[in-house]
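**Student:** Encoded as C-alpha cells, here's the structure I'll be asking about.
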2 protein chains.
Amino acid sequence: MAEARLIGVDWGTTSFRAALMDGGGEVLDQMAGKDGLLSVVDRDFEGVLERTIGRWDPASALPVIASGMVTSRTGWRETAYLPCPAGADELAGALTQLTTAKGRRIAFVTGLSYRHDDGSPDVMRGEETQIAGLALAGTRLAVMPGTHSKWVRVEDGRITAFRSAMTGDAFAALKDHTVLKLTTSDWTTSPEAFAAGVAVGAADGGAGLLGKLFRQRAGSLMGDFPANQTAERLSGLLIGAEIAEGRSFAPAVGGPVVIVGGEALAARYAAALDVLGIPHETAPANAAFAGQFRIARAAGLVR
Amino acid sequence: MAEARLIGVDWGTTSFRAALMDGGGEVLDQMAGKDGLLSVVDRDFEGVLERTIGRWDPASALPVIASGMVTSRTGWRETAYLPCPAGADELAGALTQLTTAKGRRIAFVTGLSYRHDDGSPDVMRGEETQIAGLALAGTRLAVMPGTHSKWVRVEDGRITAFRSAMTGDAFAALKDHTVLKLTTSDWTTSPEAFAAGVAVGAADGGAGLLGKLFRQRAGSLMGDFPANQTAERLSGLLIGAEIAEGRSFAPAVGGPVVIVGGEALAARYAAALDVLGIPHETAPANAAFAGQFRIARAAGLVR
C-alpha cells in the first residue's frame with residue numbers, strides 16, 4: 001500500500017466526506033458521514049474531525065486540506081471570498097492555515113466571488129475545489145446542480161465567471177409551503193411530466209416564472225394533468241428555468257455542458273438538457289478530493 | 001333607512017366579509033370577520049352564515065349572493081369555472097342557486113378560467129366579482145395583488161383575459177423556508193431597499209429569477225447591503241418580476257394600470273409601479289359588494 005500523504009475533508013452544511021490520499025493523489029481510503037456543520041455542537045469542529053479521520057492518523061502527522069461550507073460564517077474558520085478568475089494556483093495561494101493544539105495542520109480552501117455585469121455579486125464555497133479537480137481543458141460551461149446550483153465558465157481549468165440559481169432551495173420551499181403543497185405530497189414519478197415542466201420552465205428564456213408557478217395549480221384544477229404529477233412538473237419547471245438562465249449567462253461557451261453532481265441529480269439535469277436539445281456530458285464523481293490534492297500540491301503541502 | 005334587499009357575502013379562505021344592501025346597491029351595514037373557509041368545522045357553512053348574517057335577517061327572507069373561494073373545492077359549493085370573456089351578465093347567467101333547509105336562498109358566483117396562447121390554463125375565484133363592481137369603461141389593465149396576484153384585461157367591464165402570478169404565496173415560502181430566512185427575520189422597513197429589489201426583479205423582462213433570488217443572499221454576504229434589508233429587497237424583487245410578467249402579458253392596454261386591493265398592498269404596488277415609471281391609479285376598496293349587487297340585479301335577484 002502506497003504511503004498516505006494527505007487527508008482531504010469535504011465538509012458541508014449537512015455532509016462530511018473525507019479521503020486519505022497518497023503522494024500521487026490516489027485515494028487510499030475514504031469515508032462519508034452525517035457530521036455536517038449543522039450537527040456540530042458547541043463549535044467542536046476539532047473533536048468531530050479527530051473522531052472521524054483520527055483513525056487514519058492518530059499522530060496528527062498528515063496535513064489536512066478542507067473545503068466546502070467549513071469556511072463559511074457558520075463553519076469552523078470563516079475566510080474571505082477570492083475573486084475570479086481563480087484556479088488551483090490562486091486557491092493554493094489563498095489557503096488559510098491553522099494548527100490545532102494537538103499539532104494537526106489544517107489548510108482551508110476558501111470560496112470564490114464574482115461580480116455580474118450589473119454589479120451584483122455571486123458566491124460559491126466548495127464548488128471551486130470540485131472544478132479544480134476536473135482539470136477541464138479549453139473553455140467550458142459546467143453546471144453543478146443542487147440547493148444553490150452553479151453555472152460555471154471554466155477557461156483552461158480556471159473559473160472565470162459563474163452564476164448561482166436558487167433551484168433546489170426554492171423547489172423545496174415552493175413544494176411544501178405554497179398552494180402547490182395540496183398536490184405535491186402525492187409525488188408520482190413521471191419522466192413525461194418532468195419533461196413537460198422543463199419545456200414550460202425554459203420557455204421565453206426562463207421568464208414568467210411567477211405565472212408559470214401558479215399555472216401548476218391551475219392545470220391540475222382544470223384537469224390538464226393529474227394532480228399527482230404536480231411535483232414532477234414543478235421540479236422540471238424550475239430546472240428548465242435554471243437552464244434557460246444558465247444558457248443566457250454563458251451562451252458562447254462551446255462543447256457539451258459538463259454536469260458535475262451526484263448521480264440522481266446529474267441524471268435529472270441530463271434528462272432536462274435532453275428535453276431542450278442541449279449537448280452535455282457527466283463529469284466523474286468525487287472531483288472534490290482531486291481538487292484538494294491539486295491545490296495542496298500547488299501549495300507545497302504534498303511533495 | 002332604506003329597505004334591505006340583498007345580502008352580499010365575500011367568503012375567502014381566511015376571511016369573511018358581508019354587506020347588507022338596499023335596492024340601489026347602497027351598503028346599509030357590513031361586517032368583517034375571521035370565519036374564513038379554513039375555520040369552518042364539519043363543513044357547517046350554513047351554521048357560520050346564520051351566526052354572522054342572521055341578525056340582519058332572522059326570517060331568511062333576503063336573497064344572499066356569495067363569491068370568493070366559497071365555490072372552490074374546499075368551499076361550500078364547488079362550481080365549474082366560466083370561460084372568458086365574462087362580465088356581470090355572464091356571471092349572472094352562471095349563478096348556482098341553493099336553498100337551505102331554513103328556506104334561505106343563496107346564489108353562488110362562480111370563478112373564471114382563461115387559456116393562454118400556449119394552451120395553459122389560468123383560474124380566478126372572487127376577483128371576477130370585484131372587477132364587475134368596478135364597471136371600468138374602455139380597455140383597461142387591472143392588477144389585483146395578493147397571494148395569487150391577477151393581471152386582468154378588462155374591455156367595457158368584461159374580463160377578456162387574465163394572468164395569475166404566485167407572488168405573495170412564493171414570497172412567504174421563500175422568505176421563511178430558504179437560505180434567505182437567515183436574514184429575513186429581522187425585517188427593517190426600507191423604501192429604498194424595496195425599490196432596489198423592484199428594479200432588479202423587473203430587469204430583463206422578469207427573467208433570471210432563480211439567480212436573482214440567490215443574489216439576495218450573496219449581496220448580504222458580500223456586504224453590498226445590510227442583512228436586515230433582505231426581506232424588503234425580496235418583496236421588491238418578486239413584485240418587480242410580477243409587474244414585468246404582467247406587462248408582457250398585456251403590453252398594448254392603454255391608460256393607467258388600475259390597482260385593486262387592500263390599502264397596504266395597493267400602496268406597495270403603487271410604489272413598485274412608480275419605480276418602473278408605469279402610470280397607475282388605485283380603485284375604490286370594497287368593489288366585491290358592488291360587483292355582487294350588479295350580478296344579482298342582472299340575474300333578477302333584486303329589482
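Ordered as shown in the C-alpha cells, chains take letters A, B, and onward, while each chain numbers its residues from 1 and ligands are numbered from 1 in the order shown.
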Can you pull out every residue within 12 Å of Ala170 (chain B), counting only C-alpha atoms, but drop anything in the same chain fewer than 2 positions away, and send it as an MDAnalysis selection string?
**Tutor:** (chainID A and resid 170:181 209:214) or (chainID B and resid 146:149 165:168 172:178 209 213 234:235 237:239 241:242)
**Student:** Any chance you can output those residues with N, CA and C atoms as a CSV table (one decimal), in the first residue's frame?
**Tutor:**
```csv
chain,number,residue,atom,x,y,z
A,170,ALA,N,-35.4,26.7,-3.6
A,170,ALA,CA,-36.7,27.2,-3.9
A,170,ALA,C,-37.7,26.1,-4.2
A,171,PHE,N,-37.2,25.0,-4.8
A,171,PHE,CA,-38.1,23.9,-5.1
A,171,PHE,C,-38.7,23.3,-3.8
A,172,ALA,N,-37.9,23.1,-2.8
A,172,ALA,CA,-38.4,22.6,-1.5
A,172,ALA,C,-39.4,23.5,-0.9
A,173,ALA,N,-39.0,24.8,-0.9
A,173,ALA,CA,-39.9,25.8,-0.3
A,173,ALA,C,-41.3,25.9,-1.0
A,174,LEU,N,-41.2,25.9,-2.3
A,174,LEU,CA,-42.5,26.1,-3.1
A,174,LEU,C,-43.3,24.8,-3.0
A,175,LYS,N,-42.7,23.7,-3.0
A,175,LYS,CA,-43.4,22.4,-3.0
A,175,LYS,C,-44.1,22.2,-1.7
A,176,ASP,N,-43.5,22.6,-0.6
A,176,ASP,CA,-44.1,22.3,0.7
A,176,ASP,C,-44.8,23.5,1.4
A,177,HIS,N,-44.6,24.7,0.9
A,177,HIS,CA,-45.1,25.8,1.6
A,177,HIS,C,-45.9,26.8,0.8
A,178,THR,N,-46.4,26.4,-0.3
A,178,THR,CA,-47.4,27.2,-1.1
A,178,THR,C,-48.6,26.4,-1.4
A,179,VAL,N,-49.5,26.9,-2.1
A,179,VAL,CA,-50.8,26.2,-2.5
A,179,VAL,C,-50.4,24.9,-3.2
A,180,LEU,N,-49.2,24.8,-3.8
A,180,LEU,CA,-48.9,23.6,-4.5
A,180,LEU,C,-48.8,22.4,-3.6
A,181,LYS,N,-48.6,22.6,-2.3
A,181,LYS,CA,-48.5,21.5,-1.3
A,181,LYS,C,-49.7,20.6,-1.3
A,209,LEU,N,-41.8,33.3,-14.5
A,209,LEU,CA,-41.8,32.2,-13.6
A,209,LEU,C,-42.9,32.2,-12.6
A,210,LEU,N,-43.3,33.4,-12.1
A,210,LEU,CA,-44.3,33.5,-11.1
A,210,LEU,C,-45.7,33.1,-11.6
A,211,GLY,N,-45.9,33.4,-12.9
A,211,GLY,CA,-47.1,32.9,-13.6
A,211,GLY,C,-47.1,31.4,-13.8
A,212,LYS,N,-46.0,31.0,-14.3
A,212,LYS,CA,-45.8,29.5,-14.6
A,212,LYS,C,-46.1,28.7,-13.3
A,213,LEU,N,-45.6,29.2,-12.2
A,213,LEU,CA,-45.8,28.5,-10.9
A,213,LEU,C,-47.3,28.4,-10.6
A,214,PHE,N,-48.0,29.5,-10.7
A,214,PHE,CA,-49.4,29.4,-10.4
A,214,PHE,C,-50.1,28.4,-11.3
B,146,GLY,N,-51.8,40.0,-4.4
B,146,GLY,CA,-52.2,39.1,-3.3
B,146,GLY,C,-51.4,37.9,-3.3
B,147,THR,N,-51.9,36.9,-2.6
B,147,THR,CA,-51.3,35.6,-2.5
B,147,THR,C,-51.0,35.0,-4.0
B,148,HIS,N,-52.1,35.1,-4.7
B,148,HIS,CA,-52.0,34.8,-6.2
B,148,HIS,C,-52.5,36.0,-7.0
B,149,SER,N,-51.6,36.9,-7.2
B,149,SER,CA,-52.0,38.1,-7.9
B,149,SER,C,-52.6,37.9,-9.3
B,165,ALA,N,-50.1,35.3,-10.9
B,165,ALA,CA,-48.7,35.2,-10.5
B,165,ALA,C,-48.7,34.8,-9.0
B,166,MET,N,-47.8,33.8,-8.7
B,166,MET,CA,-47.8,33.3,-7.4
B,166,MET,C,-47.0,34.2,-6.4
B,167,THR,N,-47.2,35.5,-6.5
B,167,THR,CA,-46.3,36.4,-5.8
B,167,THR,C,-46.3,36.3,-4.3
B,168,GLY,N,-47.4,36.5,-3.7
B,168,GLY,CA,-47.5,36.5,-2.2
B,168,GLY,C,-47.2,35.2,-1.6
B,172,ALA,N,-43.8,34.4,0.8
B,172,ALA,CA,-43.8,33.8,2.2
B,172,ALA,C,-43.0,32.5,2.3
B,173,ALA,N,-43.1,31.7,1.2
B,173,ALA,CA,-42.4,30.4,1.2
B,173,ALA,C,-40.9,30.7,1.1
B,174,LEU,N,-40.4,31.6,0.2
B,174,LEU,CA,-39.0,31.8,0.0
B,174,LEU,C,-38.4,32.6,1.2
B,175,LYS,N,-39.2,33.5,1.8
B,175,LYS,CA,-38.7,34.3,2.9
B,175,LYS,C,-38.4,33.4,4.2
B,176,ASP,N,-39.3,32.4,4.4
B,176,ASP,CA,-39.2,31.6,5.6
B,176,ASP,C,-38.6,30.3,5.5
B,177,HIS,N,-38.5,29.8,4.2
B,177,HIS,CA,-38.1,28.4,4.1
B,177,HIS,C,-36.9,28.2,3.1
B,178,THR,N,-36.1,29.2,2.9
B,178,THR,CA,-34.9,29.0,2.1
B,178,THR,C,-33.8,29.6,2.9
B,209,LEU,N,-35.0,34.8,-12.5
B,209,LEU,CA,-35.4,35.0,-11.2
B,209,LEU,C,-34.7,34.1,-10.2
B,213,LEU,N,-32.8,35.5,-7.0
B,213,LEU,CA,-33.1,35.1,-5.6
B,213,LEU,C,-31.8,34.8,-4.9
B,234,LEU,N,-36.4,41.3,-1.2
B,234,LEU,CA,-37.1,40.1,-1.7
B,234,LEU,C,-38.5,40.4,-2.1
B,235,SER,N,-39.2,41.2,-1.3
B,235,SER,CA,-40.5,41.7,-1.6
B,235,SER,C,-40.5,42.4,-2.9
B,237,LEU,N,-38.2,42.4,-5.2
B,237,LEU,CA,-37.8,41.5,-6.3
B,237,LEU,C,-38.9,40.8,-6.9
B,238,LEU,N,-39.8,40.2,-6.1
B,238,LEU,CA,-40.9,39.4,-6.6
B,238,LEU,C,-42.0,40.3,-7.2
B,239,ILE,N,-42.3,41.4,-6.6
B,239,ILE,CA,-43.3,42.3,-7.2
B,239,ILE,C,-42.8,42.9,-8.5
B,241,ALA,N,-40.7,41.4,-10.6
B,241,ALA,CA,-40.8,40.3,-11.5
B,241,ALA,C,-42.2,40.2,-12.0
B,242,GLU,N,-43.2,40.2,-11.0
B,242,GLU,CA,-44.6,40.1,-11.4
B,242,GLU,C,-45.0,41.2,-12.3
```
**Student:** Enumerate the residues of region 130-244 of chain B with a DSSP assignment of strand (DSSP E), computed from the backbone, and present them as a ChimeraX atom specification.
**Tutor:** /B:139-144,149-155,158-165
**Student:** Would you put the residues from that selection into a file with N, CA and C atoms, as a short mmCIF file (atom, residue, chain, number, x, y, z; two decimals), in the first residue's frame?
**Tutor:**
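again-v5.cif was written with the following content:
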```cif
data_model
loop_
_atom_site.label_atom_id
_atom_site.label_comp_id
_atom_site.auth_asym_id
_atom_site.auth_seq_id
_atom_site.Cartn_x
_atom_site.Cartn_y
_atom_site.Cartn_z
N THR B 139 -60.88 49.85 -22.53
CA THR B 139 -59.98 48.71 -22.35
C THR B 139 -58.95 49.07 -21.31
N ARG B 140 -58.88 48.28 -20.26
CA ARG B 140 -58.00 48.60 -19.13
C ARG B 140 -57.27 47.36 -18.64
N LEU B 141 -56.14 47.63 -18.00
CA LEU B 141 -55.39 46.56 -17.35
C LEU B 141 -55.46 46.79 -15.85
N ALA B 142 -55.94 45.78 -15.13
CA ALA B 142 -56.02 45.89 -13.67
C ALA B 142 -55.06 44.90 -13.04
N VAL B 143 -54.44 45.30 -11.94
CA VAL B 143 -53.63 44.37 -11.15
C VAL B 143 -54.29 44.21 -9.80
N MET B 144 -54.43 42.95 -9.39
CA MET B 144 -55.07 42.64 -8.13
C MET B 144 -54.05 41.88 -7.28
N SER B 149 -51.62 36.90 -7.23
CA SER B 149 -52.00 38.14 -7.91
C SER B 149 -52.62 37.86 -9.27
N LYS B 150 -53.48 38.77 -9.70
CA LYS B 150 -54.09 38.66 -11.03
C LYS B 150 -53.81 39.91 -11.83
N TRP B 151 -53.47 39.74 -13.09
CA TRP B 151 -53.38 40.84 -14.04
C TRP B 151 -54.53 40.61 -15.01
N VAL B 152 -55.42 41.59 -15.07
CA VAL B 152 -56.69 41.36 -15.74
C VAL B 152 -56.91 42.37 -16.85
N ARG B 153 -57.21 41.87 -18.02
CA ARG B 153 -57.56 42.74 -19.14
C ARG B 153 -59.08 42.88 -19.15
N VAL B 154 -59.55 44.12 -19.06
CA VAL B 154 -60.98 44.38 -18.98
C VAL B 154 -61.38 45.21 -20.20
N GLU B 155 -62.39 44.75 -20.90
CA GLU B 155 -62.89 45.52 -22.04
C GLU B 155 -64.36 45.83 -21.80
N ARG B 158 -66.03 43.81 -19.12
CA ARG B 158 -65.94 42.34 -19.17
C ARG B 158 -64.48 41.91 -19.15
N ILE B 159 -64.20 40.83 -18.45
CA ILE B 159 -62.84 40.30 -18.40
C ILE B 159 -62.62 39.47 -19.67
N THR B 160 -61.62 39.88 -20.46
CA THR B 160 -61.36 39.15 -21.70
C THR B 160 -60.13 38.25 -21.59
N ALA B 161 -59.26 38.53 -20.64
CA ALA B 161 -58.07 37.71 -20.45
C ALA B 161 -57.50 38.03 -19.07
N PHE B 162 -56.80 37.07 -18.49
CA PHE B 162 -56.11 37.39 -17.24
C PHE B 162 -54.96 36.43 -17.02
N ARG B 163 -54.07 36.83 -16.13
CA ARG B 163 -52.86 36.06 -15.85
C ARG B 163 -52.55 36.15 -14.36
N SER B 164 -52.36 34.99 -13.73
CA SER B 164 -52.04 34.94 -12.30
C SER B 164 -50.53 34.89 -12.10
N ALA B 165 -50.11 35.30 -10.92
CA ALA B 165 -48.69 35.19 -10.52
C ALA B 165 -48.67 34.81 -9.05
#
```
**Student:** What's around region 277-281 of chain B at 12 Å? Count only C-alpha atoms, leave out sequence neighbours fewer than 2 positions away in its own chain, and write the answer as a PDB file with C-alpha atoms, in the first residue's frame.
**Tutor:**
```pdb
ATOM      1  CA  ARG B 140     -58.002  48.601 -19.133  1.00  0.00           C
ATOM      2  CA  LEU B 141     -55.388  46.556 -17.353  1.00  0.00           C
ATOM      3  CA  ALA B 142     -56.019  45.887 -13.671  1.00  0.00           C
ATOM      4  CA  VAL B 143     -53.627  44.371 -11.154  1.00  0.00           C
ATOM      5  CA  ALA B 195     -37.198  49.969  -4.797  1.00  0.00           C
ATOM      6  CA  VAL B 198     -38.201  46.078  -7.777  1.00  0.00           C
ATOM      7  CA  ALA B 199     -35.644  47.285 -10.311  1.00  0.00           C
ATOM      8  CA  ALA B 202     -38.185  43.693 -13.381  1.00  0.00           C
ATOM      9  CA  GLY B 240     -40.914  43.721  -9.789  1.00  0.00           C
ATOM     10  CA  ILE B 243     -45.011  43.546 -12.920  1.00  0.00           C
ATOM     11  CA  ALA B 244     -42.621  42.675 -15.752  1.00  0.00           C
ATOM     12  CA  GLY B 246     -47.885  41.294 -16.197  1.00  0.00           C
ATOM     13  CA  ARG B 247     -46.796  43.996 -18.612  1.00  0.00           C
ATOM     14  CA  PRO B 251     -48.479  45.419 -23.238  1.00  0.00           C
ATOM     15  CA  VAL B 253     -53.540  48.100 -22.981  1.00  0.00           C
ATOM     16  CA  GLY B 254     -53.755  51.858 -22.636  1.00  0.00           C
ATOM     17  CA  GLY B 255     -54.429  54.040 -19.628  1.00  0.00           C
ATOM     18  CA  PRO B 256     -53.035  53.771 -16.141  1.00  0.00           C
ATOM     19  CA  VAL B 257     -52.876  50.329 -14.559  1.00  0.00           C
ATOM     20  CA  VAL B 258     -55.760  50.019 -12.096  1.00  0.00           C
ATOM     21  CA  ILE B 259     -54.638  48.701  -8.707  1.00  0.00           C
ATOM     22  CA  VAL B 260     -57.373  46.744  -6.946  1.00  0.00           C
ATOM     23  CA  GLY B 261     -56.551  45.643  -3.436  1.00  0.00           C
ATOM     24  CA  ALA B 266     -52.067  48.633  -3.029  1.00  0.00           C
ATOM     25  CA  ALA B 267     -49.581  51.209  -1.721  1.00  0.00           C
ATOM     26  CA  TYR B 269     -47.706  48.047  -5.765  1.00  0.00           C
ATOM     27  CA  ALA B 270     -48.146  51.763  -6.413  1.00  0.00           C
ATOM     28  CA  ALA B 271     -44.599  52.324  -5.169  1.00  0.00           C
ATOM     29  CA  ALA B 272     -43.294  49.498  -7.354  1.00  0.00           C
ATOM     30  CA  LEU B 273     -45.061  50.838 -10.448  1.00  0.00           C
ATOM     31  CA  ASP B 274     -43.579  54.268  -9.692  1.00  0.00           C
ATOM     32  CA  VAL B 275     -40.087  52.746  -9.623  1.00  0.00           C
ATOM     33  CA  ALA B 283     -59.551  51.598  -7.464  1.00  0.00           C
ATOM     34  CA  PRO B 284     -62.011  52.159  -4.612  1.00  0.00           C
TER      35      PRO B 284
END
```
**Student:** When you look at region 44-52 of chain A with a cut-off of 10 Å (counting only C-alpha atoms), what residues show up, excluding the ones that are within fewer than 6 positions of it in the same chain? I need them as a list of chain:residue names.
**Tutor:**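 My reading of the contact set: A:Val9, A:Trp11, A:Phe16, A:Arg17, A:Ala18, A:Met31, A:Ala32, A:Gly33, A:Asp35, A:Gly36, A:Leu37, A:Pro58, A:Ser60, A:Val70, A:Gly75, A:Trp76, A:Arg77, A:Thr100, A:Ala101, A:Lys102, A:Arg104.
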**Student:** As a count of residues only, please: every residue in region 253-287 of chain A that a backbone DSSP assignment puts in alpha helix (DSSP H).
**Tutor:** 14
**Student:** Using only C-alpha atoms, find the one residue out of A:Arg125, A:Arg268, A:Arg297, A:Arg233 that sits nearest to Ala218 (chain B).
**Tutor:**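 Between A:Arg125, A:Arg268, A:Arg297, A:Arg233, the residue approaching Ala218 (chain B) most closely is A:Arg125.
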**Student:** Expressed in Å to a single decimal, how great is the separation between CA of Val123 (chain B) and CA of Val41 (chain B)?
**Tutor:**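 Computed distance, CA of Val123 (chain B) to CA of Val41 (chain B), equals 26.4 Å.
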**Student:** For chain B, which of A:Pro83, A:Gly219, A:Gly236, A:Pro226 is the closest residue, counting only C-alpha atoms?
**Tutor:**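 Closest to chain B, using only C-alpha atoms: A:Gly219.
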**Student:** Tell me which of A:Gly119, A:Glu127, A:Thr79, A:Gly103 sits closest to Gly12 (chain A), counting only C-alpha atoms.
**Tutor:** A:Glu127
**Student:** Compare A:Gly208, A:Gly93, A:Gly197, A:Gly23 by their minimum atom-to-atom distance to chain B, counting only C-alpha atoms, and give me the closest one.
**Tutor:**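 Checking each of A:Gly208, A:Gly93, A:Gly197, A:Gly23 against chain B, counting only C-alpha atoms, the winner is A:Gly208.
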**Student:** Distance CA of Ala66 (chain A)-CA of Ala19 (chain A), one decimal place?
**Tutor:**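 So the two atoms, CA of Ala66 (chain A) and CA of Ala19 (chain A), lie 10.5 Å apart.
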**Student:** May I ask which of the residues B:Val40, B:Ala207, B:Ala59, B:Ala288 is the closest one to chain A, counting only C-alpha atoms?
**Tutor:** B:Ala207
**Student:** Using only C-alpha atoms, which protein or nucleic acid residues come within 9 Å of Pro63 (chain A)? Drop anything in the same chain fewer than 4 positions from it, and give the result as a PyMOL selection string.
**Tutor:** chain A and resi 5-8+104-107+301-302
**Student:** Just to be explicit: take each residue in the selection above, keep C-alpha atoms, and write the result as a PDB file, in the first residue's frame.
**Tutor:**
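For reference, selection.pdb as written:
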```pdb
ATOM      1  CA  ARG A   5       0.484  11.869   2.428  1.00  0.00           C
ATOM      2  CA  LEU A   6      -2.688  13.954   2.640  1.00  0.00           C
ATOM      3  CA  ILE A   7      -6.161  13.933   4.121  1.00  0.00           C
ATOM      4  CA  GLY A   8      -8.865  15.757   2.235  1.00  0.00           C
ATOM      5  CA  ARG A 104      -2.623  18.939  13.393  1.00  0.00           C
ATOM      6  CA  ARG A 105      -2.086  21.245  10.428  1.00  0.00           C
ATOM      7  CA  ILE A 106      -5.220  22.165   8.511  1.00  0.00           C
ATOM      8  CA  ALA A 107      -5.361  24.232   5.336  1.00  0.00           C
ATOM      9  CA  LEU A 301       1.662  20.656   1.266  1.00  0.00           C
ATOM     10  CA  VAL A 302       2.483  17.399  -0.506  1.00  0.00           C
TER      11      VAL A 302
END
```
**Student:** Given only C-alpha atoms as the basis, pick out the residue of A:Arg303, A:Arg215, A:Glu128, A:Pro145 nearest to Ala264 (chain A).
**Tutor:** A:Pro145
**Student:** Name the residues in contact with Gly223 (chain B) at a cut-off of 12 Å, using only C-alpha atoms, excluding same-chain residues fewer than 4 positions from it; report them as a VMD selection string.
**Tutor:** (chain A and resid 80 to 81 120 to 122) or (chain B and resid 215 to 219 227 to 230)
